[in-house]
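The structure appears below as structure tokens.
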Amino acid sequence: MIEIIVANGRQKNRVEDYARSIMFELMPRKKKGQIYIEFKNEVVIDDYSYKGVAYGDKNAVDIEIARDTTEDMMVTLAHELVHVKQFFRGEIPSSKKIKTTGSFHMTSDEFEKEAYLYEDYLYMTHWWK
């Protein structure tokens with residue numbers, strides 16, 4: 001079972017269940033791995049603010065989500081969980097940090113395109129179940 005740790009937030013148990021549900025849909029046969037999720041007032045890298053960031057490798061991925069409305073944070077988390085799948089499958093090099101700006105049109109990156117493609121569907125399917 002993938003271990004999911006939610007470091008903080010008002011709805012830690014619900015967020016953990018949400019992340020587990022999404023990961024089961026994205027990788028139903030994945031049995032090992034760790035995901036660490038932290039909500040921060042701001043996610044800043046190189047003086048630029050992001051909605052979220054994911055970084056890690058085939059075994060463990062850290063996610064940071066900027067505080068916003070619950071809906072925006074959960075859509076961003078769904079987006080970052082697509083990146084978790086990409087890290088776990090080795091589709092993204094472990095040295096790369098994947099940053100979410102919130103705009104599909106700002107990227108030509110295939111990793112981002114997949115995440116933007118699925119984020120709303122995953123949010124609507126798993127947060128509101």
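All residue names refer to the structure tokens as shown: chains lettered A, B, ... in order, residues numbered from 1 in each chain, ligands numbered from 1 in order.
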Within region 3-127 of chain A, find each residue whose DSSP state, derived from the backbone, is alpha helix (DSSP H), and express the selection as a PyMOL selection string.
chain A and resi 12-26+70-88+110-126
Skipping near chain neighbours, those fewer than 4 positions away, what residues fall within 10 Å of region 69-74 of chain A using only C-alpha atoms, listed as a ChimeraX atom specification?
/A:11,15,18-19,39,51-52,65,78-80,102,119-120,122-124,126-127
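All residues of protein, DNA or RNA that reach within 10 Å of Glu38 (chain A), judged by only C-alpha atoms and not counting those fewer than 4 positions away in the chain, are Ile5, Val6, Ala7, Asn8, Gly9, Gly52, Asp62, Ile63, Glu64, Ile65, Ala66 and Arg67 of chain A.
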With the cut-off set at 9 Å and counting only C-alpha atoms, tabulate each residue of region 11-67 of chain A with an atom at most that distance from an atom of region 83-94 of chain A, showing the nearest atom pair and its distance in Å to one decimal, ordered by chain and increasing number, as a Markdown table.
```
| residue | atom | partner | partner_atom | distance |
| --- | --- | --- | --- | --- |
| A:Met23 | CA | A:Lys85 | CA | 7.5 |
| A:Leu26 | CA | A:Lys85 | CA | 6.8 |
| A:Met27 | CA | A:Lys85 | CA | 7.0 |
| A:Lys30 | CA | A:Phe88 | CA | 8.8 |
| A:Gly33 | CA | A:Phe88 | CA | 7.8 |
| A:Ile35 | CA | A:Val84 | CA | 7.9 |
| A:Ala54 | CA | A:His83 | CA | 6.8 |
| A:Tyr55 | CA | A:Ser94 | CA | 7.1 |
| A:Gly56 | CA | A:Ser94 | CA | 5.5 |
| A:Asp57 | CA | A:Ser94 | CA | 4.6 |
| A:Lys58 | CA | A:Phe88 | CA | 3.9 |
| A:Asn59 | CA | A:Phe88 | CA | 6.3 |
| A:Ala60 | CA | A:Phe88 | CA | 7.6 |
| A:Val61 | CA | A:Val84 | CA | 6.3 |
| A:Asp62 | CA | A:Val84 | CA | 8.5 |
| A:Ile63 | CA | A:Val84 | CA | 8.6 |
```
Given the selection you just returned, output its residues as a file containing N, CA and C atoms, formatted as a short mmCIF file (atom, residue, chain, number, x, y, z; two decimals), in the first residue's frame.
```cif
data_model
loop_
_atom_site.label_atom_id
_atom_site.label_comp_id
_atom_site.auth_asym_id
_atom_site.auth_seq_id
_atom_site.Cartn_x
_atom_site.Cartn_y
_atom_site.Cartn_z
N MET A 23 -4.78 7.92 -6.21
CA MET A 23 -3.64 7.06 -6.53
C MET A 23 -4.08 5.65 -6.89
N LEU A 26 -5.11 5.91 -10.49
CA LEU A 26 -3.98 6.11 -11.39
C LEU A 26 -3.04 4.90 -11.44
N MET A 27 -2.89 4.22 -10.31
CA MET A 27 -1.93 3.11 -10.22
C MET A 27 -2.51 2.00 -9.34
N LYS A 30 0.04 -0.52 -7.79
CA LYS A 30 1.20 0.00 -7.05
C LYS A 30 1.02 -0.31 -5.57
N GLY A 33 5.49 2.75 -1.87
CA GLY A 33 5.81 4.13 -2.17
C GLY A 33 5.32 5.02 -1.05
N ILE A 35 4.09 9.17 -0.21
CA ILE A 35 3.72 10.51 -0.66
C ILE A 35 3.58 11.38 0.58
N ALA A 54 5.84 19.23 -7.05
CA ALA A 54 6.09 17.82 -6.70
C ALA A 54 7.52 17.49 -7.06
N TYR A 55 8.19 16.76 -6.18
CA TYR A 55 9.56 16.33 -6.46
C TYR A 55 9.81 15.02 -5.73
N GLY A 56 10.62 14.16 -6.35
CA GLY A 56 10.91 12.87 -5.74
C GLY A 56 11.52 11.90 -6.72
N ASP A 57 11.19 10.63 -6.53
CA ASP A 57 11.74 9.58 -7.37
C ASP A 57 10.75 8.42 -7.45
N LYS A 58 11.21 7.24 -7.84
CA LYS A 58 10.33 6.08 -8.02
C LYS A 58 9.76 5.55 -6.70
N ASN A 59 10.31 5.99 -5.57
CA ASN A 59 9.90 5.45 -4.28
C ASN A 59 9.15 6.43 -3.39
N ALA A 60 9.46 7.71 -3.52
CA ALA A 60 8.85 8.70 -2.62
C ALA A 60 8.76 10.05 -3.34
N VAL A 61 7.64 10.73 -3.11
CA VAL A 61 7.43 12.05 -3.71
C VAL A 61 6.89 12.99 -2.64
N ASP A 62 7.45 14.19 -2.59
CA ASP A 62 6.95 15.26 -1.73
C ASP A 62 6.12 16.21 -2.56
N ILE A 63 5.01 16.65 -2.00
CA ILE A 63 4.12 17.61 -2.65
C ILE A 63 3.95 18.80 -1.71
#
```
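One finds CA of Glu110 (chain A) at 23.7 Å from CA of Tyr36 (chain A).
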From a DSSP calculation on the backbone, collect every residue of chain A in strand (DSSP E or B) and output the set as JSON, numbers by chain.
{"A": [3, 4, 5, 6, 34, 35, 36, 37, 38, 39, 40, 43, 44, 45, 48, 49, 50, 52, 53, 54, 55, 56, 60, 61, 62, 63, 64, 65, 66, 98, 99, 100]}
